[in-house]
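Containing compact mmCIF, C-alpha atoms: upload-v8.txt.
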```
# COMPACT_ATOMS: atom_id res chain seq x y z
CA MET A 1 95.83 39.52 61.59
CA SER A 2 95.73 38.35 57.96
CA HIS A 3 92.63 38.54 55.77
CA SER A 4 92.21 34.74 55.87
CA ALA A 5 92.41 34.81 59.67
CA TYR A 6 89.66 37.46 59.77
CA VAL A 7 87.51 35.39 57.43
CA LEU A 8 88.03 32.30 59.60
CA PHE A 9 87.24 34.33 62.73
CA ALA A 10 84.08 35.73 61.12
CA ALA A 11 82.99 32.26 59.98
CA THR A 12 83.54 30.92 63.49
CA LEU A 13 81.47 33.74 64.98
CA MET A 14 78.67 33.19 62.47
CA THR A 15 78.64 29.44 63.15
CA GLY A 16 78.55 30.04 66.90
CA ALA A 17 75.75 32.57 66.53
CA ALA A 18 73.79 30.20 64.31
CA LEU A 19 74.18 27.35 66.78
CA ALA A 20 73.09 29.59 69.65
CA ARG A 21 70.06 30.71 67.66
CA CYS A 22 69.22 27.10 66.83
CA GLN A 23 69.32 26.26 70.53
CA ARG A 24 66.99 29.18 71.35
CA SER A 25 64.65 28.18 68.53
CA THR A 26 64.52 24.58 69.74
CA THR A 27 63.70 25.76 73.25
CA ALA A 28 60.99 28.08 71.95
CA VAL A 29 59.48 25.27 69.90
CA SER A 30 59.14 22.95 72.86
CA THR A 31 57.44 25.57 75.02
CA THR A 32 55.27 27.53 72.60
CA ALA A 33 54.05 25.32 69.77
CA ALA A 34 52.51 21.89 69.40
CA PRO A 35 53.08 19.95 66.17
CA VAL A 36 50.35 20.41 63.57
CA ALA A 37 49.84 17.84 60.82
CA VAL A 38 49.53 19.51 57.41
CA ALA A 39 50.37 18.37 53.90
CA ALA A 40 52.96 19.82 51.57
CA GLY A 41 51.28 22.18 49.11
CA ASP A 42 48.91 23.33 51.82
CA THR A 43 48.71 27.15 51.89
CA SER A 44 47.08 27.36 55.32
CA ALA A 45 48.36 29.51 58.15
CA ALA A 46 49.07 26.26 60.05
CA ARG A 47 51.47 25.16 57.31
CA GLY A 48 52.97 28.66 57.33
CA ALA A 49 53.54 28.40 61.09
CA GLN A 50 55.57 25.24 60.52
CA LEU A 51 57.66 26.85 57.81
CA VAL A 52 58.26 30.00 59.88
CA LEU A 53 59.44 27.80 62.74
CA LEU A 54 61.72 25.82 60.43
CA GLY A 55 63.05 29.00 58.81
CA GLY A 56 63.94 30.55 62.18
CA CYS A 57 62.07 33.78 61.33
CA ASP A 58 61.65 34.64 65.03
CA ASP A 59 65.43 34.57 65.53
CA CYS A 60 65.85 37.79 63.56
CA HIS A 61 62.42 39.43 63.44
CA THR A 62 61.22 38.92 67.05
CA PRO A 63 62.84 40.83 69.94
CA GLN A 64 64.09 38.73 72.83
CA LEU A 65 63.23 38.64 76.49
CA PRO A 66 66.11 38.97 78.98
CA ASN A 67 66.34 35.16 79.18
CA GLY A 68 66.94 34.93 75.41
CA GLU A 69 63.50 33.57 74.54
CA PRO A 70 61.55 35.34 71.79
CA ASP A 71 59.09 37.93 73.09
CA MET A 72 55.97 36.64 71.39
CA SER A 73 54.04 39.74 72.48
CA ARG A 74 56.23 41.59 69.91
CA ARG A 75 56.42 38.79 67.37
CA PHE A 76 57.88 39.81 64.01
CA SER A 77 58.05 43.51 65.01
CA GLY A 78 61.72 43.74 63.99
CA VAL A 79 64.50 45.71 65.63
CA PRO A 80 63.01 47.72 68.51
CA ALA A 81 62.85 51.43 67.63
CA GLY A 82 65.74 53.37 69.16
CA SER A 83 67.98 50.31 69.59
CA ALA A 84 71.72 50.69 69.30
CA ALA A 85 73.36 49.35 66.16
CA PRO A 86 76.07 46.72 66.50
CA PRO A 87 79.69 47.80 66.24
CA SER A 88 81.22 47.86 62.79
CA ILE A 89 84.37 45.74 62.85
CA ALA A 90 86.20 45.08 59.58
CA ASN A 91 85.54 41.57 58.22
CA VAL A 92 83.56 40.53 61.31
CA VAL A 93 79.84 39.94 61.61
CA ALA A 94 78.42 41.46 64.79
CA THR A 95 74.88 41.52 66.15
CA GLU A 96 73.06 43.55 68.78
CA ASN A 97 69.35 44.08 69.42
CA LEU A 98 68.58 41.95 66.34
CA ALA A 99 70.62 44.24 64.05
CA PHE A 100 73.59 42.87 62.12
CA SER A 101 76.79 44.54 61.00
CA GLY A 102 79.13 42.95 58.50
CA PRO A 103 81.06 43.54 55.29
CA TRP A 104 77.77 44.63 53.60
CA GLY A 105 77.15 47.35 56.22
CA THR A 106 74.44 47.28 58.88
CA SER A 107 71.05 45.65 58.45
CA PHE A 108 68.01 45.96 60.66
CA PRO A 109 65.50 43.10 60.51
CA ARG A 110 62.21 44.67 59.51
CA ASN A 111 58.80 44.71 61.04
CA ILE A 112 57.01 41.97 59.09
CA THR A 113 53.73 42.17 61.00
CA PRO A 114 50.52 42.99 59.12
CA ASP A 115 50.73 46.63 60.23
CA VAL A 116 49.92 48.72 57.15
CA GLN A 117 52.19 51.67 57.97
CA HIS A 118 55.26 50.01 59.54
CA GLY A 119 54.98 46.35 58.56
CA ILE A 120 54.00 44.48 55.43
CA GLY A 121 50.24 44.87 55.88
CA SER A 122 49.85 46.66 52.55
CA TRP A 123 51.53 43.82 50.66
CA ASN A 124 49.50 41.20 48.83
CA VAL A 125 50.68 37.61 48.47
CA GLN A 126 52.24 38.37 45.06
CA ASP A 127 54.31 41.20 46.64
CA PHE A 128 55.52 38.78 49.33
CA ILE A 129 56.44 36.04 46.87
CA ARG A 130 58.22 38.50 44.54
CA THR A 131 60.19 39.91 47.51
CA MET A 132 61.26 36.42 48.61
CA ARG A 133 62.30 35.54 45.07
CA THR A 134 64.13 38.76 44.13
CA GLY A 135 65.39 40.16 47.44
CA THR A 136 63.77 43.51 46.69
CA ASP A 137 60.58 44.70 48.41
CA PRO A 138 57.69 46.49 46.64
CA GLN A 139 59.23 49.89 47.53
CA GLY A 140 62.53 48.91 45.89
CA HIS A 141 64.51 48.31 49.11
CA ALA A 142 66.97 45.43 49.04
CA LEU A 143 66.84 42.68 51.66
CA LEU A 144 70.26 42.56 53.30
CA PRO A 145 72.17 39.72 54.98
CA PRO A 146 71.52 37.70 56.95
CA MET A 147 68.03 37.48 55.39
CA PRO A 148 68.13 34.19 53.44
CA TYR A 149 65.81 35.33 50.66
CA LYS A 150 67.67 33.22 48.09
CA GLU A 151 66.86 30.10 50.08
CA PHE A 152 63.26 31.16 50.79
CA GLY A 153 62.90 32.07 47.13
CA LYS A 154 63.46 28.44 46.17
CA LEU A 155 60.33 27.38 48.05
CA PRO A 156 57.26 26.59 45.97
CA ASP A 157 54.58 29.29 45.71
CA ALA A 158 52.31 27.24 47.99
CA ASP A 159 54.87 27.36 50.84
CA LEU A 160 55.51 31.08 50.41
CA THR A 161 51.75 31.67 50.36
CA ALA A 162 51.43 29.65 53.58
CA ILE A 163 54.14 31.78 55.24
CA TYR A 164 52.35 34.94 54.09
CA ASN A 165 49.04 33.59 55.40
CA PHE A 166 50.60 32.85 58.79
CA ILE A 167 52.25 36.28 59.07
CA ARG A 168 48.79 37.81 58.47
CA THR A 169 47.59 36.11 61.71
CA VAL A 170 50.18 37.87 63.91
CA ALA A 171 49.18 41.03 65.79
CA PRO A 172 50.16 44.19 63.88
CA SER A 173 52.96 46.24 65.46
CA SER A 174 53.53 49.95 64.96
CA ASN A 175 57.27 49.51 65.62
CA ALA A 176 59.04 51.64 63.00
CA VAL A 177 62.26 50.00 61.86
CA THR A 178 64.60 52.52 60.27
CA GLY A 179 67.58 51.75 58.13
CA PRO A 180 68.28 49.16 55.47
```

What would you get if you wrote out this structure as structure tokens?
Amino acid sequence: MSHSAYVLFAATLMTGAALARCQRSTTAVSTTAAPVAVAAGDTSAARGAQLVLLGGCDDCHTPQLPNGEPDMSRRFSGVPAGSAAPPSIANVVATENLAFSGPWGTSFPRNITPDVQHGIGSWNVQDFIRTMRTGTDPQGHALLPPMPYKEFGKLPDADLTAIYNFIRTVAPSSNAVTGP
């Protein structure tokens, strides 16, 4: 198979995965959250909840139940400890147990709960905003694909603060995510 055929195949897989994730997110929205009216520029956790929903954060950072719905009892806890990594296939993006493998290597969506040891509980709002803008966390670790930090980094400070404020309302998880 030629390089361009691999790229087309990978793009098709990514589009299919994105559409499947959008369908799961839409289902989760209709069963777990009621609309909340908040104004742009609002830094409240309620505004952050809207932005997290729109950004699809649960799709990568929240483990799934067997039916494909997000397991909200483990919300934002990242790749479950001890999970198998996806297969590494040249020029193909693969996913398993929330982890992704692609041309960049393998990435494991992190625990972004307010747990101080295993999550982002030791971060302040400036750490969060800087990480979303630069793609590098306070410890110097790079955020890897598919984390859309470049897109999140374009949000105004008020929206990033709202996301941070919402994440702080989620139950801390001691799930230790290892790897990049």

I'd like the interatomic distance between CA of Asn111 (chain A) and CA of Phe76 (chain A), to a tenth of an Å. 5.8 Å

Kindly compute an axis-aligned box around the listed atoms of region 60-64 of chain A, allowing 5 Å on each side, and express its centre and edge lengths in Å to one decimal as JSON.
```
{"center_x": 63.5, "center_y": 39.3, "center_z": 68.1, "size_x": 14.6, "size_y": 13.0, "size_z": 19.4}
```

Would you mind telling me which residue in A:Ser107, A:Gln139, A:Thr134, A:Thr43 lies nearest to Val93 (chain A) when using all atoms listed in the file? A:Ser107

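Ranking A:Gly48, A:Pro66, A:Pro172, A:Pro146 by their shortest atom-to-atom distance to Asp115 (chain A), with all atoms listed in the file included, puts A:Pro172 first.
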
I'd like the neighbourhood of His61 (chain A) as number ranges by chain, where a residue qualifies if any of its atoms comes within 7 Å (using only C-alpha atoms), though same-chain residues fewer than 3 positions away should be ignored. A: 57-58, 76-79, 109-111

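Note that CA of Leu143 (chain A) and CA of Ser88 (chain A) are 18.9 Å apart.
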